[in-house]
>>> print(open('work39.txt').read())   # compact mmCIF, C-alpha atoms and all ligand atoms
# COMPACT_ATOMS: atom_id res chain seq x y z
CA MET A 1 25.52 1.58 -1.43
CA LYS A 2 24.68 4.99 -2.77
CA ALA A 3 27.20 6.79 -4.97
CA VAL A 4 26.34 10.47 -5.23
CA MET A 5 27.69 12.02 -8.42
CA LYS A 6 29.31 15.45 -8.55
CA PRO A 7 27.04 18.21 -9.88
CA GLY A 8 27.10 18.31 -13.67
CA THR A 9 28.62 14.82 -14.06
CA GLY A 10 28.17 13.36 -17.52
CA LEU A 11 26.81 10.04 -18.73
CA LYS A 12 30.34 8.65 -19.16
CA GLU A 13 31.08 8.83 -15.42
CA ILE A 14 27.67 7.43 -14.51
CA GLY A 15 28.34 4.63 -17.01
CA MET A 16 31.60 3.78 -15.25
CA VAL A 17 29.81 3.32 -11.94
CA LEU A 18 27.14 1.18 -13.64
CA ALA A 19 29.84 -0.95 -15.28
CA ALA A 20 31.59 -1.48 -11.94
CA ALA A 21 28.28 -2.55 -10.38
CA GLU A 22 27.65 -4.99 -13.21
CA LEU A 23 31.08 -6.56 -12.80
CA GLU A 24 30.29 -7.02 -9.11
CA GLY A 25 26.93 -8.64 -9.99
CA LEU A 26 24.96 -5.82 -8.36
CA SER A 27 21.77 -4.27 -9.67
CA ALA A 28 22.07 -0.48 -9.97
CA TYR A 29 19.53 2.33 -10.29
CA VAL A 30 20.26 5.84 -11.52
CA VAL A 31 18.20 8.09 -9.26
CA ARG A 32 17.59 11.74 -10.09
CA ASP A 33 16.52 13.71 -7.03
CA GLY A 34 16.02 17.38 -7.82
CA ASP A 35 19.36 18.53 -9.23
CA SER A 36 21.40 15.67 -7.85
CA VAL A 37 22.10 12.32 -9.50
CA ALA A 38 23.09 9.16 -7.65
CA VAL A 39 23.68 5.54 -8.52
CA CYS A 40 22.03 3.29 -5.93
CA MET A 41 23.24 -0.29 -5.57
CA PRO A 42 21.05 -1.99 -2.98
CA GLY A 43 22.74 -5.41 -2.98
CA ALA A 44 25.32 -6.46 -0.39
CA CYS A 45 28.83 -5.21 -1.14
CA GLY A 46 32.04 -4.89 0.87
CA ALA A 47 34.20 -1.98 2.01
CA GLU A 48 36.74 -2.63 -0.76
CA PHE A 49 34.08 -2.09 -3.47
CA GLU A 50 32.81 0.99 -1.68
CA SER A 51 36.27 2.56 -1.62
CA ARG A 52 36.83 1.61 -5.30
CA ILE A 53 33.58 3.35 -6.28
CA SER A 54 34.38 6.44 -4.22
CA ARG A 55 37.63 6.86 -6.22
CA LEU A 56 35.94 6.74 -9.65
CA PRO A 57 35.86 10.00 -11.60
CA GLY A 58 32.68 12.02 -11.09
CA VAL A 59 31.82 10.35 -7.77
CA GLU A 60 31.39 12.83 -4.94
CA SER A 61 30.73 10.32 -2.17
CA ALA A 62 29.89 6.65 -1.74
CA ALA A 63 28.34 5.26 1.40
CA ALA A 64 26.44 2.20 2.52
CA PHE A 65 22.69 2.50 3.15
CA ALA A 66 22.00 2.96 6.84
CA ARG A 67 19.35 0.22 7.06
CA GLY A 68 18.31 -3.09 5.53
CA PHE A 69 15.52 -1.55 3.46
CA LYS A 70 17.14 0.44 0.70
CA ILE A 71 15.10 0.94 -2.48
CA VAL A 72 12.07 1.94 -0.42
CA SER A 73 14.04 4.27 1.87
CA ARG A 74 14.28 8.06 1.83
CA GLU A 75 18.02 7.62 1.34
CA PHE A 76 17.30 6.10 -2.07
CA ARG A 77 14.95 8.91 -3.02
CA SER A 78 14.19 11.99 -0.96
CA GLY A 79 11.03 12.99 -2.88
CA ASN A 80 7.67 11.30 -2.40
CA THR A 81 6.67 8.45 -4.70
CA VAL A 82 3.25 8.80 -6.28
CA VAL A 83 1.58 5.48 -7.05
CA ASN A 84 -0.79 5.69 -9.99
CA VAL A 85 -3.60 3.15 -9.79
CA SER A 86 -5.38 3.38 -13.14
CA GLY A 87 -5.50 7.17 -12.88
CA VAL A 88 -5.96 7.52 -9.11
CA ARG A 89 -2.75 9.05 -7.76
CA ILE A 90 -1.84 7.95 -4.24
CA GLY A 91 0.82 10.05 -2.48
CA ASP A 92 0.26 13.18 -4.54
CA GLY A 93 -0.90 15.39 -1.68
CA GLY A 94 -4.58 14.34 -1.67
CA THR A 95 -6.42 11.90 0.60
CA VAL A 96 -7.46 8.87 -1.44
CA ILE A 97 -10.43 6.96 -0.09
CA ILE A 98 -10.66 3.26 -0.90
CA ALA A 99 -13.88 1.71 0.34
CA GLY A 100 -16.12 -1.30 -0.01
CA PRO A 101 -17.12 -4.48 1.73
CA CYS A 102 -14.70 -6.87 3.37
CA ALA A 103 -15.71 -9.58 0.90
CA VAL A 104 -17.44 -9.83 -2.45
CA GLU A 105 -20.56 -11.78 -1.46
CA SER A 106 -22.68 -11.61 -4.60
CA ARG A 107 -23.01 -9.60 -7.79
CA GLU A 108 -25.92 -7.58 -6.35
CA GLN A 109 -24.09 -6.81 -3.10
CA LEU A 110 -20.98 -5.59 -4.90
CA MET A 111 -22.80 -3.47 -7.51
CA ARG A 112 -24.83 -1.83 -4.76
CA SER A 113 -21.65 -1.24 -2.73
CA ALA A 114 -19.85 0.32 -5.71
CA GLU A 115 -22.76 2.62 -6.42
CA LEU A 116 -22.99 3.77 -2.80
CA MET A 117 -19.24 4.17 -2.33
CA ARG A 118 -18.98 6.25 -5.49
CA GLU A 119 -21.90 8.44 -4.44
CA CYS A 120 -20.19 9.17 -1.12
CA GLY A 121 -16.92 10.15 -2.80
CA ALA A 122 -14.72 7.04 -2.69
CA HIS A 123 -12.00 6.96 -5.36
CA MET A 124 -11.42 3.21 -5.41
CA LEU A 125 -13.41 0.11 -4.60
CA ARG A 126 -12.21 -2.70 -2.34
CA GLY A 127 -13.62 -6.21 -1.85
CA GLY A 128 -12.01 -9.56 -1.09
CA ALA A 129 -12.47 -12.46 -3.50
CA TYR A 130 -9.90 -14.65 -1.71
CA LYS A 131 -10.43 -14.29 2.04
CA PRO A 132 -7.84 -15.28 4.65
CA ARG A 133 -10.22 -16.32 7.45
CA SER A 134 -9.14 -17.41 10.91
CA SER A 135 -11.51 -20.38 10.79
CA PRO A 136 -11.64 -22.84 7.88
CA TYR A 137 -15.43 -23.01 8.37
CA SER A 138 -15.97 -19.29 7.72
CA PHE A 139 -16.85 -17.89 4.28
CA GLN A 140 -13.66 -18.12 2.20
CA GLY A 141 -14.64 -15.78 -0.64
CA LEU A 142 -16.03 -16.31 -4.14
CA LYS A 143 -12.51 -16.56 -5.62
CA GLU A 144 -12.51 -16.33 -9.46
CA GLU A 145 -16.20 -15.53 -9.60
CA GLY A 146 -15.53 -12.70 -7.14
CA LEU A 147 -12.79 -11.37 -9.42
CA ARG A 148 -15.17 -11.31 -12.38
CA ILE A 149 -17.75 -9.41 -10.33
CA LEU A 150 -15.08 -6.87 -9.30
CA SER A 151 -14.07 -6.39 -12.95
CA GLU A 152 -17.69 -5.77 -13.88
CA ALA A 153 -18.05 -3.17 -11.11
CA ARG A 154 -14.95 -1.37 -12.34
CA GLU A 155 -16.36 -1.15 -15.86
CA ARG A 156 -19.79 -0.07 -14.66
CA PHE A 157 -18.78 2.50 -12.05
CA GLY A 158 -15.37 3.59 -13.33
CA MET A 159 -13.57 2.92 -10.06
CA PRO A 160 -10.23 1.11 -9.86
CA ILE A 161 -10.36 -2.12 -7.87
CA VAL A 162 -8.11 -3.41 -5.11
CA THR A 163 -8.39 -7.00 -3.93
CA GLU A 164 -6.28 -9.42 -1.94
CA VAL A 165 -4.02 -12.09 -3.37
CA MET A 166 -2.90 -14.85 -1.03
CA SER A 167 -0.71 -17.15 -3.06
CA PRO A 168 2.03 -16.66 -5.69
CA SER A 169 0.16 -18.91 -8.12
CA ASP A 170 -2.91 -16.63 -8.00
CA VAL A 171 -0.95 -13.45 -8.84
CA PRO A 172 -1.55 -13.65 -12.65
CA ILE A 173 -5.33 -14.18 -12.40
CA VAL A 174 -5.80 -11.49 -9.75
CA ALA A 175 -3.62 -9.08 -11.76
CA GLU A 176 -5.77 -9.77 -14.81
CA HIS A 177 -8.90 -8.51 -13.03
CA ALA A 178 -7.70 -5.99 -10.42
CA ASP A 179 -6.02 -2.60 -10.73
CA MET A 180 -4.11 -3.06 -7.49
CA LEU A 181 -3.15 -6.21 -5.55
CA GLN A 182 -3.46 -6.30 -1.77
CA VAL A 183 -1.12 -8.28 0.46
CA GLY A 184 -2.96 -8.93 3.71
CA SER A 185 -1.61 -8.72 7.21
CA ARG A 186 -1.28 -12.50 7.47
CA ASN A 187 0.88 -12.66 4.34
CA MET A 188 3.15 -9.68 4.87
CA GLN A 189 6.13 -11.97 5.34
CA ASN A 190 5.20 -14.50 2.67
CA THR A 191 8.38 -13.88 0.72
CA ALA A 192 7.39 -16.12 -2.21
CA LEU A 193 4.27 -13.98 -2.66
CA LEU A 194 6.23 -10.73 -2.29
CA GLU A 195 8.71 -11.87 -4.94
CA ALA A 196 5.91 -12.90 -7.31
CA LEU A 197 4.45 -9.39 -6.99
CA GLY A 198 7.71 -8.00 -8.35
CA SER A 199 6.57 -8.98 -11.83
CA ALA A 200 2.80 -8.62 -11.38
CA GLY A 201 2.66 -5.44 -13.46
CA ARG A 202 0.22 -3.91 -10.95
CA PRO A 203 0.65 -1.61 -7.94
CA VAL A 204 0.66 -3.37 -4.58
CA LEU A 205 -1.12 -2.41 -1.36
CA LEU A 206 1.05 -3.92 1.38
CA LYS A 207 -0.60 -4.23 4.78
CA ARG A 208 1.45 -4.31 7.95
CA GLY A 209 1.55 -7.71 9.63
CA MET A 210 -0.45 -7.67 12.83
CA MET A 211 2.66 -8.66 14.77
CA SER A 212 5.25 -6.91 12.64
CA THR A 213 7.44 -3.93 13.32
CA VAL A 214 7.69 -0.90 11.07
CA GLU A 215 11.11 -2.12 9.96
CA GLU A 216 9.72 -5.54 9.02
CA LEU A 217 7.00 -3.83 6.97
CA LEU A 218 9.64 -1.85 5.09
CA LEU A 219 11.73 -4.97 4.54
CA ALA A 220 8.66 -6.71 3.10
CA ALA A 221 8.23 -3.73 0.74
CA GLU A 222 11.91 -4.06 -0.16
CA TYR A 223 11.26 -7.67 -1.31
CA ILE A 224 8.67 -6.41 -3.81
CA ALA A 225 10.80 -3.45 -4.91
CA SER A 226 13.96 -5.52 -5.35
CA ALA A 227 11.96 -8.02 -7.42
CA GLY A 228 11.11 -5.22 -9.86
CA ASN A 229 7.98 -3.42 -8.67
CA ARG A 230 8.30 -0.03 -7.00
CA SER A 231 4.59 0.86 -7.12
CA ILE A 232 3.89 0.04 -3.50
CA VAL A 233 1.52 1.66 -1.00
CA LEU A 234 2.08 0.85 2.68
CA CYS A 235 -0.90 0.31 4.97
CA GLU A 236 -1.04 0.64 8.77
CA ARG A 237 -3.97 -1.57 9.85
CA GLY A 238 -3.39 -1.93 13.57
CA ILE A 239 -1.17 -4.27 15.52
CA ARG A 240 -1.92 -6.81 18.25
CA THR A 241 -1.42 -5.50 21.75
CA PHE A 242 -2.70 -6.44 25.22
CA GLU A 243 -5.64 -4.09 24.62
CA HIS A 244 -8.88 -5.86 23.72
CA VAL A 245 -11.45 -3.07 23.64
CA THR A 246 -10.53 -2.73 19.99
CA ARG A 247 -9.70 -5.60 17.62
CA ASN A 248 -6.17 -4.25 17.10
CA THR A 249 -4.36 -1.08 18.16
CA LEU A 250 -3.89 1.59 15.51
CA ASP A 251 -0.23 2.57 15.59
CA VAL A 252 -0.87 6.12 14.48
CA ALA A 253 2.71 7.25 15.06
CA ALA A 254 3.80 4.58 12.57
CA VAL A 255 2.26 6.75 9.83
CA ALA A 256 4.65 9.58 10.65
CA VAL A 257 7.57 7.18 11.07
CA LEU A 258 6.90 5.47 7.72
CA LYS A 259 6.61 8.83 5.95
CA ASP A 260 9.94 9.78 7.49
CA LEU A 261 11.81 6.56 6.63
CA SER A 262 10.28 5.83 3.23
CA HIS A 263 9.28 7.70 0.07
CA LEU A 264 6.32 5.35 -0.46
CA PRO A 265 2.73 6.50 0.16
CA VAL A 266 1.12 5.39 3.43
CA ILE A 267 -2.56 4.74 4.03
CA VAL A 268 -4.51 3.78 7.14
CA ASP A 269 -7.11 1.04 7.55
CA PRO A 270 -9.24 2.19 10.50
CA SER A 271 -11.65 -0.75 10.09
CA HIS A 272 -9.31 -3.64 10.94
CA ALA A 273 -7.45 -1.36 13.37
CA THR A 274 -10.52 -0.92 15.57
CA GLY A 275 -12.83 -3.79 14.60
CA ARG A 276 -15.82 -1.81 15.83
CA ARG A 277 -17.92 0.45 13.68
CA LYS A 278 -18.29 3.17 16.27
CA TYR A 279 -14.53 3.77 16.53
CA VAL A 280 -13.71 3.69 12.83
CA LYS A 281 -14.25 7.39 12.21
CA ALA A 282 -11.98 8.49 15.08
CA ALA A 283 -9.19 6.21 13.87
CA ALA A 284 -9.64 7.38 10.28
CA LEU A 285 -9.42 11.04 11.23
CA ALA A 286 -6.36 10.38 13.42
CA GLY A 287 -4.67 8.67 10.47
CA VAL A 288 -5.36 11.61 8.15
CA ALA A 289 -4.17 14.08 10.78
CA ALA A 290 -0.95 12.06 11.15
CA GLY A 291 -0.23 12.49 7.44
CA ALA A 292 -1.75 9.42 5.76
CA ASP A 293 -2.14 9.64 1.99
CA GLY A 294 -5.42 7.78 2.11
CA LEU A 295 -7.77 5.41 3.88
CA LEU A 296 -8.93 1.84 3.33
CA VAL A 297 -12.40 1.60 4.83
CA GLU A 298 -14.85 -1.28 5.06
CA ALA A 299 -18.41 -0.23 4.26
CA HIS A 300 -21.39 -2.39 3.32
CA PRO A 301 -24.90 -1.67 1.98
CA SER A 302 -26.28 -3.50 5.04
CA PRO A 303 -23.53 -4.32 7.55
CA GLU A 304 -25.81 -6.50 9.70
CA ASP A 305 -26.04 -8.98 6.78
CA ALA A 306 -22.32 -9.00 5.93
CA LEU A 307 -20.71 -12.43 5.64
CA CYS A 308 -17.42 -11.06 6.91
CA ASP A 309 -16.38 -8.22 9.26
CA GLY A 310 -19.89 -6.76 9.58
CA GLU A 311 -19.14 -5.38 13.10
CA GLN A 312 -16.54 -3.03 11.68
CA SER A 313 -18.27 -2.17 8.39
CA LEU A 314 -19.84 1.26 8.09
CA SER A 315 -23.38 1.72 6.82
CA PRO A 316 -23.75 4.05 3.81
CA PRO A 317 -24.77 7.09 5.94
CA GLU A 318 -21.88 6.43 8.33
CA PHE A 319 -19.49 6.23 5.41
CA ALA A 320 -20.84 9.48 3.92
CA ASP A 321 -20.35 11.18 7.30
CA LEU A 322 -16.78 9.84 7.52
CA CYS A 323 -15.95 11.20 4.04
CA ALA A 324 -17.24 14.66 4.98
CA SER A 325 -15.20 14.72 8.20
CA VAL A 326 -12.07 13.45 6.43
CA GLN A 327 -12.40 16.36 4.02
CA ARG A 328 -12.40 18.83 6.92
CA VAL A 329 -9.42 17.25 8.70
CA ALA A 330 -7.46 16.98 5.45
CA GLU A 331 -8.05 20.66 4.73
CA ALA A 332 -6.92 21.56 8.25
CA VAL A 333 -3.67 19.59 8.15
CA ARG A 334 -2.52 19.91 4.54
CA PRO A 335 -0.31 22.79 3.49
CA ALA A 336 -2.24 25.53 1.70
CA GLY A 337 -2.67 24.87 -2.00
CA SER A 338 -2.34 21.10 -1.82
CA ARG A 339 -4.94 18.69 -3.18
CA GLY A 340 -8.05 17.87 -1.20
CA VAL A 341 -10.30 14.84 -1.02
CA GLY A 342 -12.62 13.80 -3.80
CA GLY A 343 -12.67 14.15 -7.54
CA GLU A 344 -9.83 16.69 -7.56
CA LEU A 345 -7.38 13.84 -7.96
C1 LIG B 1 -9.02 -7.09 4.61
O1 LIG B 1 -8.59 -6.01 4.18
O2 LIG B 1 -10.19 -7.49 4.45
C2 LIG B 1 -8.15 -7.92 5.48
C3 LIG B 1 -8.31 -9.23 5.59
O3 LIG B 1 -7.26 -7.17 6.14
P1 LIG B 1 -6.00 -7.60 7.07
O4 LIG B 1 -5.11 -8.40 6.17
O5 LIG B 1 -5.43 -6.27 7.46
O6 LIG B 1 -6.53 -8.38 8.23
MN MN B 2 -12.06 -7.39 6.49
>>> encode(input="work39.txt", output="structure tokens", more="lines below")
Ligand code: PEP
Ligand code: MN
Amino acid sequence: MKAVMKPGTGLKEIGMVLAAAELEGLSAYVVRDGDSVAVCMPGACGAEFESRISRLPGVESAAAFARGFKIVSREFRSGNTVVNVSGVRIGDGGTVIIAGPCAVESREQLMRSAELMRECGAHMLRGGAYKPRSSPYSFQGLKEEGLRILSEARERFGMPIVTEVMSPSDVPIVAEHADMLQVGSRNMQNTALLEALGSAGRPVLLKRGMMSTVEELLLAAEYIASAGNRSIVLCERGIRTFEHVTRNTLDVAAVAVLKDLSHLPVIVDPSHATGRRKYVKAAALAGVAAGADGLLVEAHPSPEDALCDGEQSLSPPEFADLCASVQRVAEAVRPAGSRGVGGEL
């Protein structure tokens, strides 16, 4: 439920709503949105409580949230959330580019990747240390060694790191090394993992499940937010459809829908969405044109040698070309005066 306070209401009245919520066993958030103040209580409550709250002094209106996702909804907060990943601000009007190989394969490969990605204008470095592979016989990632290599690259090249975490028990070790924790498509509905990320102390990059609806993605984000972490970036990475010319189908309209329903930043992963290098740029530009706050792109110093997802990884010149085109599309679609791509963040 959201209780909107009358303009100019004092702390005493807000305190009365908070006390009523506490008595009911509900968590409550005081949300300031421009000039208005509201107390949001996302937990389940009945009509009797709602009517009791609406009669408290200082309360202008009290109404239930329209949908199951509450903290992450625009009803909770009408302004955009900016997620700060060690100084890189996602959702602040610019187009943040996160790039790197699918997997950390070796120290040399990752250092070379970081150097090339930075040269081309990427703001953050990606690379999987724990890899959720379809086959148990495929390369599973370097795990803790991979995390140490990522940490070293961050220190050396000054780029924040995002890497995937697959199990609740790995959250502390991944959070120790990474600036941002990625939840992969296959784990979007792993509620134990989502809850563990509530107290990870790091921003989360939440990828849409390949067979999940937009609403299910937002409910997954709600798990993390209700467990205590509101630094969440949503990622559209393509969904499974009957179409096989691409690995998945980029749901580009989902970017606009997510921006409409949620205050959280939204980025697009054109690499897993298409699965084929030659279509990555088109999907990336479509995502930016649709209003994405950034891109997650797989690029590799030599894609033909990649141990994982080489077919969809861009070569360094292809990645440089993509960054230049993204800049042009971002300039064309952003309102005048907003931030661009690159070091302006
Ligand atoms: C990845 O980013 O490398 C990855 C495994 O992505 P997804 O979870 O979207 O398949
Ligand atoms: Mn990959």
>>> residues_near_ligand(input="work39.txt", ligand="ligand LIG 1 (chain B)", cutoff="10 Å", atoms="only C-alpha atoms and all ligand atoms", output="ChimeraX atom specification")
/A:100-103,126-134,162-164,166,182-188,205-210,235-239,248,269-273,296-298,308-309
>>> atom_distance(input="work39.txt", atom1="CA of Glu75 in chain A", atom2="CA of Gly58 in chain A")
19.7 Å
>>> closest_residue(input="work39.txt", among="A:Arg112, A:Val104, A:Gly94, A:Asp179", to="Glu145 in chain A", atoms="all atoms listed in the file")
A:Val104
>>> residues_around(input="work39.txt", residues="Ile90 in chain A", least_positions_apart="4", cutoff="8 Å", atoms="all atoms listed in the file", output="count of residues only")
11
>>> residues_around(input="work39.txt", residues="Ala253 in chain A", least_positions_apart="2", cutoff="10 Å", atoms="all atoms listed in the file", output="list in words")
Glu236, Leu250, Asp251, Val255, Ala256, Val257, Leu258, Ala286, Gly287, Ala290 and Gly291 of chain A
>>> residues_around(input="work39.txt", residues="Glu105 in chain A", least_positions_apart="2", cutoff="8 Å", atoms="only C-alpha atoms", output="PDB file with C-alpha atoms, keeping the file's coordinate frame")
ATOM      1  CA  ALA A 103     -15.710  -9.580   0.900  1.00  0.00           C
ATOM      2  CA  ARG A 107     -23.010  -9.600  -7.790  1.00  0.00           C
ATOM      3  CA  GLN A 109     -24.090  -6.810  -3.100  1.00  0.00           C
ATOM      4  CA  LEU A 110     -20.980  -5.590  -4.900  1.00  0.00           C
ATOM      5  CA  GLY A 141     -14.640 -15.780  -0.640  1.00  0.00           C
ATOM      6  CA  LEU A 142     -16.030 -16.310  -4.140  1.00  0.00           C
ATOM      7  CA  GLY A 146     -15.530 -12.700  -7.140  1.00  0.00           C
ATOM      8  CA  LEU A 307     -20.710 -12.430   5.640  1.00  0.00           C
TER       9      LEU A 307
END
>>> atom_distance(input="work39.txt", atom1="CA of Ala254 in chain A", atom2="CA of Val72 in chain A")
15.6 Å
>>> atom_distance(input="work39.txt", atom1="CA of Ser113 in chain A", atom2="CA of Pro301 in chain A")
5.7 Å
>>> residues_around(input="work39.txt", residues="Val59 in chain A", least_positions_apart="2", cutoff="10 Å", atoms="all atoms listed in the file", output="VMD selection string")
chain A and resid 3 to 7 9 13 to 14 16 to 17 38 to 39 53 to 57 61 to 62
